[in-house]
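Structure below is coords_9.cif: mmCIF, C-alpha atoms.
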```
data_query
#
loop_
_atom_site.label_atom_id
_atom_site.label_comp_id
_atom_site.auth_asym_id
_atom_site.auth_seq_id
_atom_site.Cartn_x
_atom_site.Cartn_y
_atom_site.Cartn_z
CA ASP A 1 4.11 44.45 57.68
CA PHE A 2 1.14 42.17 58.01
CA GLY A 3 2.95 38.93 58.84
CA ALA A 4 -0.29 37.00 59.35
CA LYS A 5 -1.64 37.83 55.89
CA ASP A 6 -1.21 35.27 53.13
CA GLU A 7 -0.87 37.86 50.38
CA PHE A 8 -0.62 41.58 49.83
CA ASN A 9 0.17 43.99 47.04
CA LEU A 10 3.60 45.48 47.72
CA GLN A 11 3.32 48.25 45.11
CA GLU A 12 -0.11 49.29 46.38
CA THR A 13 1.13 49.25 49.97
CA ILE A 14 4.12 51.48 49.13
CA ARG A 15 1.89 53.87 47.16
CA HIS A 16 -0.59 54.05 50.03
CA VAL A 17 2.13 54.70 52.60
CA LEU A 18 3.64 57.49 50.52
CA GLU A 19 0.26 59.17 49.95
CA THR A 20 -1.17 58.87 53.46
CA ASP A 21 -0.47 61.29 56.29
CA PHE A 22 0.53 60.11 59.72
CA ALA A 23 -2.31 60.07 62.26
CA ILE A 24 0.32 60.91 64.88
CA ASN A 25 3.35 62.75 63.55
CA HIS A 26 6.21 63.82 65.80
CA TYR A 27 8.73 64.27 62.99
CA GLU A 28 9.83 67.73 64.15
CA ARG A 29 10.38 66.48 67.72
CA PHE A 30 12.20 63.45 66.34
CA THR A 31 14.60 65.49 64.18
CA ALA A 32 15.16 67.99 67.01
CA ALA A 33 16.08 65.09 69.31
CA LEU A 34 18.41 63.65 66.65
CA ALA A 35 20.19 67.00 66.37
CA GLN A 36 20.86 66.95 70.12
CA ALA A 37 21.71 63.25 70.47
CA SER A 38 25.09 61.58 70.35
CA ASN A 39 23.57 58.11 70.02
CA ILE A 40 20.29 56.42 69.14
CA LEU A 41 19.00 52.93 69.86
CA VAL A 42 16.68 51.48 67.20
CA PHE A 43 14.55 48.39 67.79
CA ALA A 44 14.02 46.81 64.36
CA ASP A 45 10.71 45.42 63.22
CA ASN A 46 10.47 42.93 60.39
CA ALA A 47 12.82 41.51 57.78
CA GLY A 48 11.12 43.28 54.87
CA GLU A 49 11.43 46.71 56.46
CA ILE A 50 15.15 46.39 57.02
CA VAL A 51 15.75 47.60 53.44
CA PHE A 52 14.01 50.86 54.40
CA ASP A 53 15.95 50.95 57.67
CA LYS A 54 19.12 51.05 55.61
CA LEU A 55 17.79 54.09 53.74
CA LEU A 56 16.80 55.70 57.05
CA PHE A 57 20.26 55.12 58.51
CA GLU A 58 21.98 56.44 55.39
CA THR A 59 19.86 59.59 55.63
CA ILE A 60 20.58 59.98 59.34
CA ARG A 61 24.32 59.47 58.67
CA GLU A 62 24.24 62.24 56.02
CA ARG A 63 22.54 64.73 58.33
CA TYR A 64 24.16 63.72 61.62
CA PRO A 65 27.51 62.11 60.72
CA SER A 66 28.76 61.83 64.30
CA LEU A 67 25.57 60.16 65.61
CA LYS A 68 26.20 56.61 66.76
CA ILE A 69 23.42 54.17 65.82
CA THR A 70 22.76 50.93 67.66
CA MET A 71 20.22 48.58 66.09
CA VAL A 72 18.56 45.75 67.98
CA VAL A 73 17.40 42.72 66.01
CA LYS A 74 16.06 39.35 67.09
CA ALA A 75 18.41 36.40 67.52
CA LEU A 76 15.70 34.27 65.84
CA PRO A 77 12.44 35.47 64.29
CA ILE A 78 8.99 34.79 65.71
CA ILE A 79 7.28 35.31 62.33
CA ASN A 80 9.25 37.71 60.16
CA ASP A 81 11.31 39.67 62.70
CA ALA A 82 14.57 41.18 61.46
CA THR A 83 17.69 39.20 62.35
CA MET A 84 21.43 39.61 61.77
CA LEU A 85 21.07 37.52 58.61
CA ASP A 86 18.74 40.22 57.23
CA VAL A 87 21.15 42.95 58.34
CA LYS A 88 23.94 41.28 56.39
CA GLN A 89 21.80 40.53 53.33
CA VAL A 90 21.00 44.22 52.80
CA GLY A 91 24.46 45.46 53.77
CA LEU A 92 23.41 47.38 56.87
CA ASP A 93 26.47 45.96 58.61
CA GLN A 94 28.65 47.79 56.05
CA LEU A 95 27.45 51.26 57.09
CA PRO A 96 29.87 53.18 59.32
CA ASN A 97 29.35 53.83 63.03
CA ILE A 98 26.52 51.33 63.50
CA GLU A 99 26.53 48.67 66.20
CA PHE A 100 24.18 45.68 66.31
CA ARG A 101 22.77 43.85 69.29
CA THR A 102 20.49 40.84 69.41
CA ILE A 103 17.75 39.84 71.78
CA ASN A 104 15.96 36.55 72.12
CA ALA A 105 12.57 36.56 70.41
CA ARG A 106 9.61 36.13 72.72
CA ALA A 107 5.94 36.15 71.99
CA ASN A 108 4.65 39.46 73.27
CA GLY A 109 1.66 41.72 73.15
CA ASN A 110 0.82 42.00 76.82
CA GLY A 111 1.61 45.71 77.00
CA ASN A 112 4.09 45.15 79.79
CA SER A 113 7.79 45.96 79.65
CA ALA A 114 8.54 43.51 82.48
CA TRP A 115 9.58 40.89 79.89
CA MET A 116 12.63 42.96 78.95
CA PRO A 117 15.88 41.48 80.17
CA PRO A 118 17.95 43.80 82.38
CA GLU A 119 20.50 44.35 79.60
CA VAL A 120 17.79 45.73 77.27
CA LYS A 121 16.65 48.16 79.96
CA GLU A 122 20.30 49.20 80.32
CA TRP A 123 20.65 49.70 76.55
CA ILE A 124 17.67 52.06 76.68
CA ARG A 125 19.19 54.01 79.58
CA GLU A 126 22.59 54.38 77.90
CA HIS A 127 21.23 55.97 74.70
CA ASP A 128 20.15 59.58 74.23
CA MET A 129 17.11 58.56 72.23
CA VAL A 130 15.25 55.39 71.31
CA LEU A 131 13.19 54.52 68.23
CA SER A 132 10.97 51.46 68.50
CA LYS A 133 9.54 50.16 65.23
CA GLY A 134 6.46 48.00 64.79
CA GLN A 135 3.28 47.31 66.72
CA ALA A 136 4.69 44.35 68.67
CA ASN A 137 7.54 46.49 70.01
CA TYR A 138 5.04 49.26 70.79
CA GLU A 139 2.86 46.83 72.76
CA ILE A 140 5.81 46.01 74.98
CA MET A 141 7.63 49.32 75.22
CA ASN A 142 4.86 51.92 75.23
CA VAL A 143 5.22 52.17 79.00
CA VAL A 144 8.85 53.29 78.67
CA PRO A 145 8.95 57.10 78.79
CA GLY A 146 10.64 59.22 76.14
CA MET A 147 10.65 56.72 73.27
CA PHE A 148 9.74 57.41 69.66
CA PHE A 149 7.56 54.85 67.92
CA LEU A 150 6.99 54.10 64.25
CA LEU A 151 4.15 51.70 63.49
CA ILE A 152 0.87 50.97 61.80
CA ALA A 153 -2.04 50.40 64.18
CA LYS A 154 -3.17 46.94 63.14
CA CYS A 155 -5.94 46.31 65.63
CA PRO A 156 -8.74 48.23 67.38
CA ILE A 157 -7.00 47.95 70.76
CA ILE A 158 -3.91 49.85 69.54
CA GLY A 159 -6.14 52.27 67.64
CA ARG A 160 -8.06 53.09 70.83
CA GLU A 161 -4.92 53.21 72.97
CA THR A 162 -3.24 55.69 70.61
CA GLY A 163 -6.42 57.67 69.91
CA THR A 164 -6.24 56.67 66.25
CA TYR A 165 -7.77 53.85 64.18
CA VAL A 166 -6.90 50.55 62.54
CA GLY A 167 -4.51 51.28 59.68
CA ALA A 168 -3.27 54.57 61.16
CA TYR A 169 0.37 55.49 60.64
CA ILE A 170 1.93 56.50 63.91
#
```
Target format structure tokens, applied to this file:
Amino acid sequence: DFGAKDEFNLQETIRHVLETDFAINHYERFTAALAQASNILVFADNAGEIVFDKLLFETIRERYPSLKITMVVKALPIINDATMLDVKQVGLDQLPNIEFRTINARANGNGNSAWMPPEVKEWIREHDMVLSKGQANYEIMNVVPGMFFLLIAKCPIIGRETGTYVGAYI
């Protein structure tokens, strides 16, 4: 996801992702939390990634069939944010035991969770675990304790903040 770029090589990007280790990798903690959870809240990132989200959810459903998944998408995209239209186009809405919620898109990046409407804060509280995908979501929700994040550090500020580097998989 580099929404501001005019062009990119999809095949090269996929190859690079598959061959590169995570700079921060909490996979074991993540799977241990999944094994203990009855529900998970997932904040989607961009429209292109939603195909991979479907694969992620199918894998989670296979391993943890009773886990309830709630996915949050944008009501309208800012650039290429995932929306319910994207959910329907890839058939995510056809998977069992998944609920979808929408939030209004807002420009973000101030590193402050104060923008979150009260209902979003409540959604976070009512779920056993939360996965936030993408740098923009990280910038807003990194102050919320106990969340898991999945992102690529796209700027020096996030690289420094996470103790990684630009391009790091987190």
Step by step, work through what the PyMOL selection byres ((chain A and resi 165-169) around 12) selects in the shown file, and finish by giving those residues as a ChimeraX atom specification. /A:1-2,13,16-26,133-135,149-164,170
Check what the PyMOL selection byres ((chain A and resi 37) around 7) selects in the file above and give those residues as a ChimeraX atom specification. /A:33-36,38-39,67,128-129
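In this comparison, which uses only C-alpha atoms, the residue of A:Asn46, A:Thr70, A:Thr31, A:Asn142 approaching Asp93 of chain A most closely is A:Thr70.
Closest approach to Pro96 of chain A among A:Ala136, A:Leu76, A:Ile60, A:Val130: A:Ile60, based on all atoms listed in the file.
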So how many Å separate atom CA of Ile103 of chain A and atom CA of Leu55 of chain A, to one decimal? 23.0 Å
